[in-house]
Amino acid sequence: MDYRKGSIGRVFSVRIDHGEDVLEGLSVLAIMEDIKSAFFIMLGAMGSADLVTGPKDKVVPPDIVWSKFDDVREIIGAGNIFWENGAPKIHLHGAAGSSKGITMGCIRKAAQAFMVVEIFIVEMDIAAKRVYDEKIGFSPMTFE
Amino acid sequence: MDYRKGSIGRVFSVRIDHGEDVLEGLSVLAIMEDIKSAFFIMLGAMGSADLVTGPKDKVVPPDIVWSKFDDVREIIGAGNIFWENGAPKIHLHGAAGSSKGITMGCIRKAAQAFMVVEIFIVEMDIAAKRVYDEKIGFSPMTFE
Amino acid sequence: MDYRKGSIGRVFSVRIDHGEDVLEGLSVLAIMEDIKSAFFIMLGAMGSADLVTGPKDKVVPPDIVWSKFDDVREIIGAGNIFWENGAPKIHLHGAAGSSKGITMGCIRKAAQAFMVVEIFIVEMDIAAKRVYDEKIGFSPMTFE
C-alpha cells in the first residue's frame with residue numbers, strides 16, 4: 001500500500017453528448033484544463049465500448065480478455081485521471097447493463113455516449129503519475 | 001461536450017431508513033437545504049425499485065424499457081441533483097444485485113430502502129439545470 | 001431519514017498493491033491517519049473476496065447470504081469509513097465481474113488486490129459512528 005493525502009482543488013461537471021467519444025472527451029478536457037490528478041464518477045448511457053473483463057487466468061502479468069458491446073447500455077462508472085508519458089490516461093471502470101444483460105470491466109476504447117453521459121471530476125493536489133510496472137503488466141498510480 | 005468548472009460547497013451524509021423512499025428523501029432534502037447542483041454516491045440495500053434498463057433499440061429519442069424488482073437487492077449507485085421546472089430532479093444510476101441475480105439502470109421510482117441506504121452528497125457552485133431536449137428524449141444537465 | 005451537513009477535509013489517494021488485503025489496508029490507514037468520517041470510491045481488480053449478496057428473505061433483521069469468488073474480478077466500489085466500538089469499520093459495496101460472470105454485494109472479508117486497487121477517500125467534518133440496531137440487524141451510520 002502506498003498513499004498520499006492532500007486537498008481538493010477544482011471540480012468539473014461534464015456533459016458528453018450523443019455520439020461523442022467519452023474517453024477522448026475526458027482526455028481533451030484534461031489537456032485543456034491541465035488536470036493532472038483527479039478522480040470522477042460517471043452516469044449515463046453508451047452505444048458502444050471496448051472493455052477489459054479481467055485476465056484469462058489468475059497470474060500476473062495477466063493475459064487480458066477483451067470484450068465489447070455495441071447495443072446500448074446504461075452505465076455507472078468510477079475513474080481517475082493521471083498522466084503517463086506526457087499525456088493524460090483515463091482509468092475508467094464501469095458496469096454496463098440493459099434488459100439484455102450486464103457486463104463490467106475496464107472501459108478502454110470506443111466508448112460512445114448514447115443520449116448523454118454526465119461526469120463529475122474532483123481534482124486533487126496530490127502529485128502522481130502512471131508508471132509502467134512490468135511485474136503486474138499495468139501502469140499503476142505512482143506517487144512522486 | 002460541454003462543461004463548467006467550480007468549487008465544492010457543502011457535503012451531506014444522509015441515512016435513508018428501512019421502508020423509506022430513497023428518491024423522495026433526496027428530493028425533500030434538496031428542497032429543505034436548497035441543493036441546486038450536486039453529485040452523490042450511494043450504498044445500501046433496496047426492497048424495491050422501478051428502473052429504466054436502456055432503450056428497446058439503438059435510436060434517439062429512445063423507446064425505453066422499464067424493469068423492476070421487489071425482492072431485496074444490494075445497491076451501489078451514483079447520481080446527481082439538478083432542478084427542472086422548479087423542482088429537484090434526482091438522476092440515479094445503480095447496480096442492484098443479490099444471490100438471485102443482478103440488474104442495473106436508471107432508478108426512477110419506488111426505490112424503497114431495505115435496512116439502510118447511505119448517501120454522500122457533494123454540492124458544487126456550478127449553475128446548471130435539467131432542460132428537456134426532444135432530440136434525445138431526455139433532460140440533460142445544461143449549464144447556464 | 002437523518003442527515004448532517006458539513007465540509008470536506010483531507011482527501012487521500014490510496015494504492016493497494018497486488019496480494020494485499022484491501023479492507024485491512026483501509027482499516028490500517030484509518031487508524032494511522034485518524035480518519036473518523038469519510039466516503040470513498042474504488043476501482044481495480046480483486047483476486048478474491050467474501051461478500052454478502054442480500055438476505056435470504058425480505059425480512060429484517062435479515063438472514064444474510066454469503067457469497068465468494070476467488071477467480072479474478074474487475075471491481076467498481078463505493079464505500080465509507082466510520083468507527084464502531086473504537087475501531088474503524090469499512091462499509092464497501094462493489095460490483096465484481098469478469099468474462100465468466102458478475103456479482104455484487106457488500107464486500108466484507110478476504111478482499112485481495114489483484115494487480116492494483118486504486119481508492120479515493122474524501123474526509124468529512126461530520127461526526128458519526130456505527131451503532132448496532134437490533135431491529136435491522138446492522139450498524140447504520142448514526143449521527144452524534
# chains A, B, ... in the order shown; residues from 1 in each chain; ligands from 1
>>> interface_residues(of="chain C", to="chain B", cutoff="6 Å", atoms="only C-alpha atoms", output="ChimeraX atom specification")
/C:1-7,53-54,104-105,136
>>> write_last_selection(atoms="N, CA, C and O atoms", output="short mmCIF file (atom, residue, chain, number, x, y, z; two decimals), in the first residue's frame")
data_model
loop_
_atom_site.label_atom_id
_atom_site.label_comp_id
_atom_site.auth_asym_id
_atom_site.auth_seq_id
_atom_site.Cartn_x
_atom_site.Cartn_y
_atom_site.Cartn_z
N MET C 1 -35.32 9.15 7.66
CA MET C 1 -34.13 9.81 7.12
C MET C 1 -33.49 10.67 8.20
O MET C 1 -34.18 11.32 8.97
N ASP C 2 -32.19 10.62 8.24
CA ASP C 2 -31.46 11.55 9.09
C ASP C 2 -30.23 11.98 8.29
O ASP C 2 -29.72 11.23 7.46
N TYR C 3 -29.79 13.18 8.55
CA TYR C 3 -28.62 13.65 7.80
C TYR C 3 -27.90 14.76 8.57
O TYR C 3 -28.47 15.35 9.49
N ARG C 4 -26.69 15.01 8.18
CA ARG C 4 -25.92 16.14 8.68
C ARG C 4 -25.20 16.78 7.50
O ARG C 4 -24.86 16.09 6.53
N LYS C 5 -24.94 18.07 7.63
CA LYS C 5 -24.16 18.74 6.60
C LYS C 5 -22.84 19.21 7.19
O LYS C 5 -22.73 19.42 8.40
N GLY C 6 -21.85 19.36 6.32
CA GLY C 6 -20.54 19.78 6.80
C GLY C 6 -19.67 20.18 5.63
O GLY C 6 -20.17 20.56 4.56
N SER C 7 -18.37 20.06 5.86
CA SER C 7 -17.38 20.45 4.86
C SER C 7 -16.43 19.28 4.62
O SER C 7 -16.30 18.38 5.45
N THR C 53 -24.52 -11.09 -0.34
CA THR C 53 -25.33 -10.82 -1.53
C THR C 53 -26.82 -10.84 -1.15
O THR C 53 -27.61 -11.58 -1.72
N GLY C 54 -27.14 -10.00 -0.18
CA GLY C 54 -28.54 -9.82 0.19
C GLY C 54 -29.01 -10.80 1.24
O GLY C 54 -28.27 -11.71 1.66
N MET C 104 -22.45 -8.87 -7.20
CA MET C 104 -22.27 -7.65 -6.44
C MET C 104 -22.83 -7.81 -5.04
O MET C 104 -23.65 -8.69 -4.78
N GLY C 105 -22.35 -6.96 -4.13
CA GLY C 105 -22.83 -7.03 -2.77
C GLY C 105 -21.96 -6.22 -1.84
O GLY C 105 -21.27 -5.30 -2.27
N ILE C 136 -32.81 -3.93 12.67
CA ILE C 136 -32.43 -4.18 11.28
C ILE C 136 -31.23 -5.13 11.18
O ILE C 136 -30.85 -5.53 10.09
#
>>> residues_around(residues="Ile31 of chain B", least_positions_apart="2", cutoff="12 Å", atoms="only C-alpha atoms", output="compact mmCIF listing (two decimals) with C-alpha atoms, in the first residue's frame")
# COMPACT_ATOMS: atom_id res chain seq x y z
CA GLU B 24 -38.40 11.14 -2.27
CA GLY B 25 -35.94 11.50 0.61
CA LEU B 26 -33.35 13.06 -1.69
CA SER B 27 -35.92 15.41 -3.23
CA VAL B 28 -37.15 16.57 0.17
CA LEU B 29 -33.56 17.14 1.26
CA GLU B 33 -31.37 22.56 2.08
CA ASP B 34 -31.71 24.31 -1.29
CA ILE B 35 -29.28 21.96 -3.05
CA LYS B 36 -29.25 23.12 -6.68
CA SER B 37 -26.15 21.41 -8.08
CA ILE B 81 -29.15 16.62 -8.22
CA PHE B 82 -30.17 19.44 -10.54
CA TRP B 83 -33.55 21.15 -10.89
CA GLY B 86 -38.70 24.49 -10.37
CA ALA B 87 -38.35 21.11 -8.66
CA PRO B 88 -35.35 18.91 -7.85
CA LYS B 89 -34.71 16.04 -10.25
CA ILE B 90 -32.71 13.11 -8.92
>>> calpha_fit_and_write(fixed="chain A", moving="chain B", output="compact mmCIF listing (two decimals) with N, CA and C atoms, in the first residue's frame")
# COMPACT_ATOMS: atom_id res chain seq x y z
N MET B 1 0.84 -1.21 0.01
CA MET B 1 -0.01 0.00 0.00
C MET B 1 0.86 1.23 0.00
N ASP B 2 0.47 2.19 -0.78
CA ASP B 2 1.11 3.50 -0.71
C ASP B 2 -0.02 4.52 -0.85
N TYR B 3 0.18 5.67 -0.24
CA TYR B 3 -0.86 6.69 -0.33
C TYR B 3 -0.27 8.07 -0.10
N ARG B 4 -1.04 9.07 -0.49
CA ARG B 4 -0.71 10.46 -0.19
C ARG B 4 -1.99 11.15 0.25
N LYS B 5 -1.83 12.18 1.06
CA LYS B 5 -2.99 12.97 1.44
C LYS B 5 -2.84 14.38 0.88
N GLY B 6 -3.97 15.03 0.69
CA GLY B 6 -3.93 16.37 0.14
C GLY B 6 -5.27 17.05 0.29
N SER B 7 -5.50 18.00 -0.62
CA SER B 7 -6.74 18.77 -0.58
C SER B 7 -7.40 18.71 -1.95
N ILE B 8 -8.67 19.03 -1.95
CA ILE B 8 -9.42 19.07 -3.20
C ILE B 8 -9.23 20.42 -3.87
N GLY B 9 -9.08 20.38 -5.18
CA GLY B 9 -8.95 21.60 -5.97
C GLY B 9 -10.25 21.94 -6.67
N ARG B 10 -10.19 22.06 -7.99
CA ARG B 10 -11.38 22.39 -8.77
C ARG B 10 -12.29 21.17 -8.91
N VAL B 11 -13.54 21.44 -9.21
CA VAL B 11 -14.47 20.37 -9.55
C VAL B 11 -15.04 20.70 -10.92
N PHE B 12 -15.27 19.68 -11.73
CA PHE B 12 -15.79 19.86 -13.09
C PHE B 12 -17.07 19.05 -13.26
N SER B 13 -18.10 19.70 -13.79
CA SER B 13 -19.30 19.00 -14.26
C SER B 13 -19.19 18.90 -15.78
N VAL B 14 -19.28 17.71 -16.30
CA VAL B 14 -19.04 17.49 -17.73
C VAL B 14 -20.21 16.74 -18.35
N ARG B 15 -20.68 17.23 -19.48
CA ARG B 15 -21.71 16.52 -20.23
C ARG B 15 -21.12 16.09 -21.57
N ILE B 16 -21.10 14.78 -21.80
CA ILE B 16 -20.66 14.25 -23.10
C ILE B 16 -21.93 13.98 -23.89
N ASP B 17 -22.02 14.53 -25.09
CA ASP B 17 -23.27 14.47 -25.85
C ASP B 17 -23.32 13.25 -26.77
N HIS B 18 -24.53 12.95 -27.21
CA HIS B 18 -24.84 11.79 -28.05
C HIS B 18 -23.85 11.62 -29.21
N GLY B 19 -23.24 10.46 -29.27
CA GLY B 19 -22.34 10.14 -30.37
C GLY B 19 -20.88 10.48 -30.11
N GLU B 20 -20.62 11.26 -29.08
CA GLU B 20 -19.23 11.64 -28.79
C GLU B 20 -18.48 10.53 -28.05
N ASP B 21 -17.16 10.53 -28.19
CA ASP B 21 -16.30 9.54 -27.53
C ASP B 21 -16.01 10.02 -26.10
N VAL B 22 -16.40 9.22 -25.13
CA VAL B 22 -16.30 9.61 -23.72
C VAL B 22 -14.84 9.72 -23.27
N LEU B 23 -14.02 8.74 -23.64
CA LEU B 23 -12.62 8.76 -23.19
C LEU B 23 -11.84 9.89 -23.87
N GLU B 24 -12.11 10.12 -25.16
CA GLU B 24 -11.46 11.22 -25.86
C GLU B 24 -11.88 12.56 -25.26
N GLY B 25 -13.17 12.69 -24.93
CA GLY B 25 -13.65 13.92 -24.30
C GLY B 25 -12.92 14.20 -23.00
N LEU B 26 -12.75 13.18 -22.18
CA LEU B 26 -12.05 13.36 -20.90
C LEU B 26 -10.58 13.70 -21.12
N SER B 27 -9.95 13.09 -22.11
CA SER B 27 -8.54 13.39 -22.38
C SER B 27 -8.36 14.82 -22.87
N VAL B 28 -9.23 15.24 -23.77
CA VAL B 28 -9.17 16.62 -24.27
C VAL B 28 -9.37 17.61 -23.12
N LEU B 29 -10.32 17.31 -22.26
CA LEU B 29 -10.57 18.18 -21.10
C LEU B 29 -9.36 18.25 -20.18
N ALA B 30 -8.74 17.09 -19.94
CA ALA B 30 -7.56 17.04 -19.05
C ALA B 30 -6.44 17.91 -19.60
N ILE B 31 -6.29 17.92 -20.93
CA ILE B 31 -5.25 18.76 -21.55
C ILE B 31 -5.64 20.24 -21.49
N MET B 32 -6.87 20.54 -21.90
CA MET B 32 -7.31 21.94 -21.93
C MET B 32 -7.22 22.59 -20.55
N GLU B 33 -7.61 21.85 -19.53
CA GLU B 33 -7.69 22.42 -18.17
C GLU B 33 -6.50 22.01 -17.30
N ASP B 34 -5.57 21.29 -17.89
CA ASP B 34 -4.36 20.86 -17.16
C ASP B 34 -4.72 20.13 -15.86
N ILE B 35 -5.57 19.12 -16.01
CA ILE B 35 -5.96 18.28 -14.86
C ILE B 35 -4.94 17.15 -14.77
N LYS B 36 -4.16 17.14 -13.70
CA LYS B 36 -3.05 16.20 -13.56
C LYS B 36 -3.36 15.08 -12.57
N SER B 37 -4.33 15.30 -11.69
CA SER B 37 -4.60 14.35 -10.61
C SER B 37 -6.05 14.52 -10.19
N ALA B 38 -6.88 13.52 -10.47
CA ALA B 38 -8.31 13.68 -10.22
C ALA B 38 -8.99 12.32 -10.17
N PHE B 39 -10.13 12.28 -9.52
CA PHE B 39 -11.00 11.11 -9.63
C PHE B 39 -12.36 11.59 -10.11
N PHE B 40 -13.20 10.66 -10.59
CA PHE B 40 -14.51 11.06 -11.10
C PHE B 40 -15.53 9.95 -10.96
N ILE B 41 -16.79 10.33 -11.00
CA ILE B 41 -17.88 9.37 -11.15
C ILE B 41 -18.63 9.71 -12.44
N MET B 42 -19.32 8.72 -12.98
CA MET B 42 -19.97 8.84 -14.28
C MET B 42 -21.31 8.12 -14.27
N LEU B 43 -22.32 8.73 -14.91
CA LEU B 43 -23.58 8.04 -15.16
C LEU B 43 -24.14 8.48 -16.50
N GLY B 44 -24.84 7.58 -17.16
CA GLY B 44 -25.39 7.88 -18.47
C GLY B 44 -25.61 6.60 -19.25
N ALA B 45 -25.48 6.70 -20.56
CA ALA B 45 -25.62 5.52 -21.40
C ALA B 45 -24.56 5.56 -22.49
N MET B 46 -24.17 4.37 -22.93
CA MET B 46 -23.19 4.26 -24.02
C MET B 46 -23.75 3.36 -25.12
N GLY B 47 -23.47 3.76 -26.37
CA GLY B 47 -23.88 2.97 -27.52
C GLY B 47 -22.88 1.89 -27.89
N SER B 48 -21.66 2.04 -27.37
CA SER B 48 -20.63 1.03 -27.60
C SER B 48 -19.50 1.24 -26.62
N ALA B 49 -18.70 0.21 -26.41
CA ALA B 49 -17.44 0.33 -25.67
C ALA B 49 -16.66 -0.96 -25.83
N ASP B 50 -15.34 -0.82 -25.84
CA ASP B 50 -14.43 -1.96 -25.73
C ASP B 50 -13.88 -1.94 -24.31
N LEU B 51 -13.98 -3.08 -23.63
CA LEU B 51 -13.55 -3.11 -22.24
C LEU B 51 -12.78 -4.39 -21.94
N VAL B 52 -11.92 -4.30 -20.92
CA VAL B 52 -11.18 -5.47 -20.45
C VAL B 52 -11.98 -6.09 -19.32
N THR B 53 -12.31 -7.37 -19.48
CA THR B 53 -13.12 -8.06 -18.47
C THR B 53 -12.27 -9.11 -17.75
N GLY B 54 -11.16 -8.64 -17.20
CA GLY B 54 -10.32 -9.50 -16.38
C GLY B 54 -9.28 -10.26 -17.18
N PRO B 55 -8.43 -11.00 -16.47
CA PRO B 55 -7.41 -11.81 -17.11
C PRO B 55 -7.97 -13.19 -17.44
N LYS B 56 -7.29 -13.87 -18.38
CA LYS B 56 -7.69 -15.25 -18.71
C LYS B 56 -7.49 -16.15 -17.49
N ASP B 57 -6.33 -15.99 -16.84
CA ASP B 57 -6.02 -16.81 -15.66
C ASP B 57 -5.52 -15.92 -14.54
N LYS B 58 -5.44 -16.50 -13.35
CA LYS B 58 -5.04 -15.71 -12.17
C LYS B 58 -3.52 -15.64 -12.04
N VAL B 59 -2.89 -14.99 -13.02
CA VAL B 59 -1.44 -14.79 -12.98
C VAL B 59 -1.12 -13.35 -13.38
N VAL B 60 -0.03 -12.83 -12.81
CA VAL B 60 0.47 -11.53 -13.24
C VAL B 60 1.85 -11.71 -13.86
N PRO B 61 2.20 -10.96 -14.92
CA PRO B 61 1.31 -10.09 -15.69
C PRO B 61 0.23 -10.91 -16.39
N PRO B 62 -0.97 -10.35 -16.46
CA PRO B 62 -2.10 -11.12 -16.97
C PRO B 62 -2.18 -11.14 -18.49
N ASP B 63 -2.79 -12.18 -19.01
CA ASP B 63 -3.21 -12.25 -20.40
C ASP B 63 -4.67 -11.78 -20.39
N ILE B 64 -4.90 -10.53 -20.76
CA ILE B 64 -6.22 -9.92 -20.56
C ILE B 64 -7.25 -10.36 -21.61
N VAL B 65 -8.51 -10.32 -21.19
CA VAL B 65 -9.63 -10.66 -22.06
C VAL B 65 -10.32 -9.37 -22.51
N TRP B 66 -10.43 -9.16 -23.81
CA TRP B 66 -11.19 -8.02 -24.32
C TRP B 66 -12.63 -8.42 -24.58
N SER B 67 -13.53 -7.50 -24.26
CA SER B 67 -14.95 -7.71 -24.52
C SER B 67 -15.47 -6.43 -25.16
N LYS B 68 -16.64 -6.47 -25.74
CA LYS B 68 -17.21 -5.24 -26.29
C LYS B 68 -18.73 -5.33 -26.32
N PHE B 69 -19.36 -4.18 -26.40
CA PHE B 69 -20.79 -4.16 -26.69
C PHE B 69 -21.01 -3.04 -27.71
N ASP B 70 -22.02 -3.20 -28.56
CA ASP B 70 -22.42 -2.10 -29.42
C ASP B 70 -23.93 -1.94 -29.49
N ASP B 71 -24.63 -2.66 -28.58
CA ASP B 71 -26.01 -2.29 -28.32
C ASP B 71 -25.93 -1.19 -27.25
N VAL B 72 -27.02 -0.68 -26.80
CA VAL B 72 -26.98 0.44 -25.85
C VAL B 72 -27.02 -0.09 -24.42
N ARG B 73 -26.21 0.49 -23.55
CA ARG B 73 -26.18 0.09 -22.15
C ARG B 73 -26.26 1.31 -21.23
N GLU B 74 -27.00 1.14 -20.14
CA GLU B 74 -26.95 2.10 -19.03
C GLU B 74 -25.59 1.93 -18.35
N ILE B 75 -25.01 3.03 -17.89
CA ILE B 75 -23.65 3.00 -17.35
C ILE B 75 -23.60 3.59 -15.95
N ILE B 76 -22.82 2.94 -15.07
CA ILE B 76 -22.34 3.59 -13.86
C ILE B 76 -20.84 3.38 -13.86
N GLY B 77 -20.09 4.47 -13.60
CA GLY B 77 -18.64 4.35 -13.69
C GLY B 77 -17.93 5.13 -12.61
N ALA B 78 -16.71 4.68 -12.32
CA ALA B 78 -15.80 5.39 -11.43
C ALA B 78 -14.44 5.38 -12.08
N GLY B 79 -13.72 6.48 -11.97
CA GLY B 79 -12.44 6.53 -12.65
C GLY B 79 -11.52 7.58 -12.09
N ASN B 80 -10.37 7.71 -12.76
CA ASN B 80 -9.43 8.74 -12.35
C ASN B 80 -8.61 9.21 -13.54
N ILE B 81 -7.94 10.33 -13.34
CA ILE B 81 -7.11 10.95 -14.37
C ILE B 81 -5.72 11.19 -13.79
N PHE B 82 -4.73 10.51 -14.35
CA PHE B 82 -3.33 10.82 -14.08
C PHE B 82 -2.63 10.79 -15.44
N TRP B 83 -1.39 11.23 -15.49
CA TRP B 83 -0.70 11.28 -16.78
C TRP B 83 0.36 10.20 -16.87
N GLU B 84 0.59 9.75 -18.10
CA GLU B 84 1.63 8.75 -18.36
C GLU B 84 2.37 9.17 -19.63
N ASN B 85 3.67 9.29 -19.53
CA ASN B 85 4.49 9.68 -20.69
C ASN B 85 3.98 10.97 -21.35
N GLY B 86 3.63 11.95 -20.53
CA GLY B 86 3.27 13.26 -21.06
C GLY B 86 1.87 13.42 -21.60
N ALA B 87 1.02 12.41 -21.42
CA ALA B 87 -0.36 12.50 -21.92
C ALA B 87 -1.32 11.99 -20.84
N PRO B 88 -2.54 12.54 -20.81
CA PRO B 88 -3.49 12.06 -19.81
C PRO B 88 -3.90 10.62 -20.08
N LYS B 89 -4.09 9.87 -19.02
CA LYS B 89 -4.52 8.47 -19.11
C LYS B 89 -5.80 8.36 -18.27
N ILE B 90 -6.87 7.99 -18.93
CA ILE B 90 -8.15 7.86 -18.22
C ILE B 90 -8.30 6.42 -17.77
N HIS B 91 -8.42 6.20 -16.47
CA HIS B 91 -8.68 4.86 -15.94
C HIS B 91 -10.14 4.83 -15.53
N LEU B 92 -10.94 4.02 -16.22
CA LEU B 92 -12.39 4.02 -16.01
C LEU B 92 -12.89 2.59 -15.84
N HIS B 93 -13.50 2.32 -14.71
CA HIS B 93 -14.21 1.05 -14.52
C HIS B 93 -15.70 1.34 -14.53
N GLY B 94 -16.43 0.45 -15.19
CA GLY B 94 -17.86 0.68 -15.26
C GLY B 94 -18.64 -0.60 -15.35
N ALA B 95 -19.88 -0.55 -14.90
CA ALA B 95 -20.86 -1.60 -15.15
C ALA B 95 -21.79 -1.07 -16.24
N ALA B 96 -22.13 -1.95 -17.19
CA ALA B 96 -22.89 -1.55 -18.37
C ALA B 96 -24.00 -2.56 -18.57
N GLY B 97 -25.24 -2.15 -18.37
CA GLY B 97 -26.34 -3.11 -18.43
C GLY B 97 -27.53 -2.61 -19.21
N SER B 98 -28.35 -3.55 -19.62
CA SER B 98 -29.62 -3.24 -20.26
C SER B 98 -30.55 -4.42 -19.99
N SER B 99 -31.73 -4.39 -20.62
CA SER B 99 -32.64 -5.52 -20.42
C SER B 99 -32.06 -6.80 -21.01
N LYS B 100 -31.01 -6.67 -21.83
CA LYS B 100 -30.41 -7.86 -22.47
C LYS B 100 -29.28 -8.47 -21.67
N GLY B 101 -28.77 -7.75 -20.66
CA GLY B 101 -27.68 -8.32 -19.88
C GLY B 101 -26.82 -7.25 -19.27
N ILE B 102 -25.77 -7.69 -18.60
CA ILE B 102 -24.91 -6.75 -17.89
C ILE B 102 -23.47 -7.25 -18.00
N THR B 103 -22.56 -6.31 -18.18
CA THR B 103 -21.15 -6.64 -18.17
C THR B 103 -20.43 -5.57 -17.37
N MET B 104 -19.21 -5.85 -16.95
CA MET B 104 -18.45 -4.78 -16.33
C MET B 104 -16.96 -5.02 -16.54
N GLY B 105 -16.19 -3.94 -16.42
CA GLY B 105 -14.76 -4.07 -16.58
C GLY B 105 -14.11 -2.71 -16.72
N CYS B 106 -12.93 -2.74 -17.32
CA CYS B 106 -12.12 -1.54 -17.51
C CYS B 106 -12.39 -1.03 -18.92
N ILE B 107 -13.13 0.08 -19.02
CA ILE B 107 -13.56 0.61 -20.32
C ILE B 107 -12.41 1.39 -20.92
N ARG B 108 -11.89 0.92 -22.09
CA ARG B 108 -10.64 1.48 -22.61
C ARG B 108 -10.72 2.12 -23.99
N LYS B 109 -11.72 1.76 -24.78
CA LYS B 109 -11.79 2.27 -26.16
C LYS B 109 -13.24 2.37 -26.61
N ALA B 110 -13.44 3.18 -27.66
CA ALA B 110 -14.70 3.18 -28.41
C ALA B 110 -15.93 3.38 -27.52
N ALA B 111 -15.77 4.14 -26.43
CA ALA B 111 -16.88 4.38 -25.50
C ALA B 111 -17.69 5.57 -26.01
N GLN B 112 -18.75 5.27 -26.71
CA GLN B 112 -19.54 6.30 -27.38
C GLN B 112 -20.78 6.63 -26.54
N ALA B 113 -20.95 7.91 -26.23
CA ALA B 113 -22.12 8.34 -25.46
C ALA B 113 -23.41 8.09 -26.24
N PHE B 114 -24.42 7.57 -25.55
CA PHE B 114 -25.76 7.43 -26.12
C PHE B 114 -26.68 8.36 -25.32
N MET B 115 -27.41 9.25 -25.98
CA MET B 115 -28.19 10.30 -25.34
C MET B 115 -27.24 11.25 -24.61
N VAL B 116 -26.73 10.82 -23.44
CA VAL B 116 -25.86 11.71 -22.68
C VAL B 116 -25.09 10.91 -21.62
N VAL B 117 -23.87 11.36 -21.33
CA VAL B 117 -23.11 10.84 -20.20
C VAL B 117 -22.74 12.05 -19.33
N GLU B 118 -22.99 11.94 -18.03
CA GLU B 118 -22.69 13.03 -17.09
C GLU B 118 -21.56 12.60 -16.16
N ILE B 119 -20.55 13.47 -16.03
CA ILE B 119 -19.33 13.14 -15.29
C ILE B 119 -19.01 14.26 -14.31
N PHE B 120 -18.57 13.86 -13.11
CA PHE B 120 -18.20 14.82 -12.07
C PHE B 120 -16.78 14.51 -11.63
N ILE B 121 -15.89 15.45 -11.94
CA ILE B 121 -14.44 15.28 -11.72
C ILE B 121 -14.01 16.10 -10.52
N VAL B 122 -13.28 15.47 -9.62
CA VAL B 122 -12.76 16.14 -8.43
C VAL B 122 -11.23 16.15 -8.53
N GLU B 123 -10.68 17.33 -8.65
CA GLU B 123 -9.23 17.49 -8.77
C GLU B 123 -8.57 17.47 -7.40
N MET B 124 -7.38 16.89 -7.32
CA MET B 124 -6.63 16.83 -6.06
C MET B 124 -5.27 17.47 -6.25
N ASP B 125 -4.66 17.95 -5.16
CA ASP B 125 -3.30 18.50 -5.23
C ASP B 125 -2.26 17.42 -4.87
N ILE B 126 -2.58 16.17 -5.21
CA ILE B 126 -1.69 15.05 -4.90
C ILE B 126 -0.93 14.65 -6.18
N ALA B 127 0.38 14.86 -6.17
CA ALA B 127 1.19 14.60 -7.36
C ALA B 127 1.37 13.09 -7.56
N ALA B 128 0.94 12.61 -8.72
CA ALA B 128 1.08 11.19 -9.05
C ALA B 128 1.10 11.05 -10.56
N LYS B 129 1.74 9.99 -11.03
CA LYS B 129 1.76 9.67 -12.45
C LYS B 129 1.47 8.19 -12.63
N ARG B 130 1.16 7.79 -13.84
CA ARG B 130 1.09 6.36 -14.15
C ARG B 130 2.47 5.92 -14.65
N VAL B 131 3.05 4.94 -13.98
CA VAL B 131 4.38 4.43 -14.33
C VAL B 131 4.26 2.93 -14.57
N TYR B 132 4.73 2.47 -15.74
CA TYR B 132 4.57 1.07 -16.09
C TYR B 132 5.36 0.17 -15.15
N ASP B 133 4.69 -0.90 -14.70
CA ASP B 133 5.31 -1.90 -13.82
C ASP B 133 5.21 -3.24 -14.54
N GLU B 134 6.34 -3.73 -15.04
CA GLU B 134 6.28 -4.94 -15.89
C GLU B 134 5.89 -6.19 -15.09
N LYS B 135 6.07 -6.15 -13.76
CA LYS B 135 5.69 -7.31 -12.96
C LYS B 135 4.18 -7.55 -12.99
N ILE B 136 3.39 -6.45 -12.97
CA ILE B 136 1.93 -6.62 -12.99
C ILE B 136 1.35 -6.33 -14.38
N GLY B 137 2.17 -5.86 -15.30
CA GLY B 137 1.68 -5.61 -16.66
C GLY B 137 0.70 -4.46 -16.74
N PHE B 138 0.91 -3.44 -15.92
CA PHE B 138 -0.02 -2.31 -15.85
C PHE B 138 0.75 -1.11 -15.32
N SER B 139 0.17 0.07 -15.51
CA SER B 139 0.80 1.30 -15.03
C SER B 139 0.00 1.86 -13.86
N PRO B 140 0.30 1.43 -12.65
CA PRO B 140 -0.48 1.91 -11.51
C PRO B 140 -0.19 3.38 -11.20
N MET B 141 -1.12 4.01 -10.53
CA MET B 141 -0.93 5.36 -9.97
C MET B 141 0.28 5.31 -9.04
N THR B 142 1.29 6.14 -9.32
CA THR B 142 2.56 6.10 -8.59
C THR B 142 2.87 7.51 -8.08
N PHE B 143 3.14 7.61 -6.81
CA PHE B 143 3.31 8.94 -6.20
C PHE B 143 4.72 9.46 -6.39
N GLU B 144 4.86 10.77 -6.45
CA GLU B 144 6.16 11.39 -6.71
C GLU B 144 6.89 11.68 -5.41
>>> select_by_dssp(residues="chain A", states="helix (DSSP H, G or I)", output="compact mmCIF listing (two decimals) with C-alpha atoms, in the first residue's frame")
# COMPACT_ATOMS: atom_id res chain seq x y z
CA VAL A 22 -16.31 9.61 -23.72
CA LEU A 23 -12.62 8.78 -23.21
CA GLU A 24 -11.47 11.23 -25.86
CA GLY A 25 -13.65 13.93 -24.30
CA LEU A 26 -12.06 13.36 -20.90
CA SER A 27 -8.54 13.39 -22.39
CA VAL A 28 -9.18 16.63 -24.26
CA LEU A 29 -10.58 18.20 -21.11
CA ALA A 30 -7.57 17.05 -19.06
CA ILE A 31 -5.25 18.76 -21.55
CA MET A 32 -7.31 21.96 -21.93
>>> select_by_dssp(residues="chain B", states="strand (DSSP E)", output="PyMOL selection string")
chain B and resi 2-6+8-17+38-55+64-69+73-84+87-98+101-124+128-130+141-143
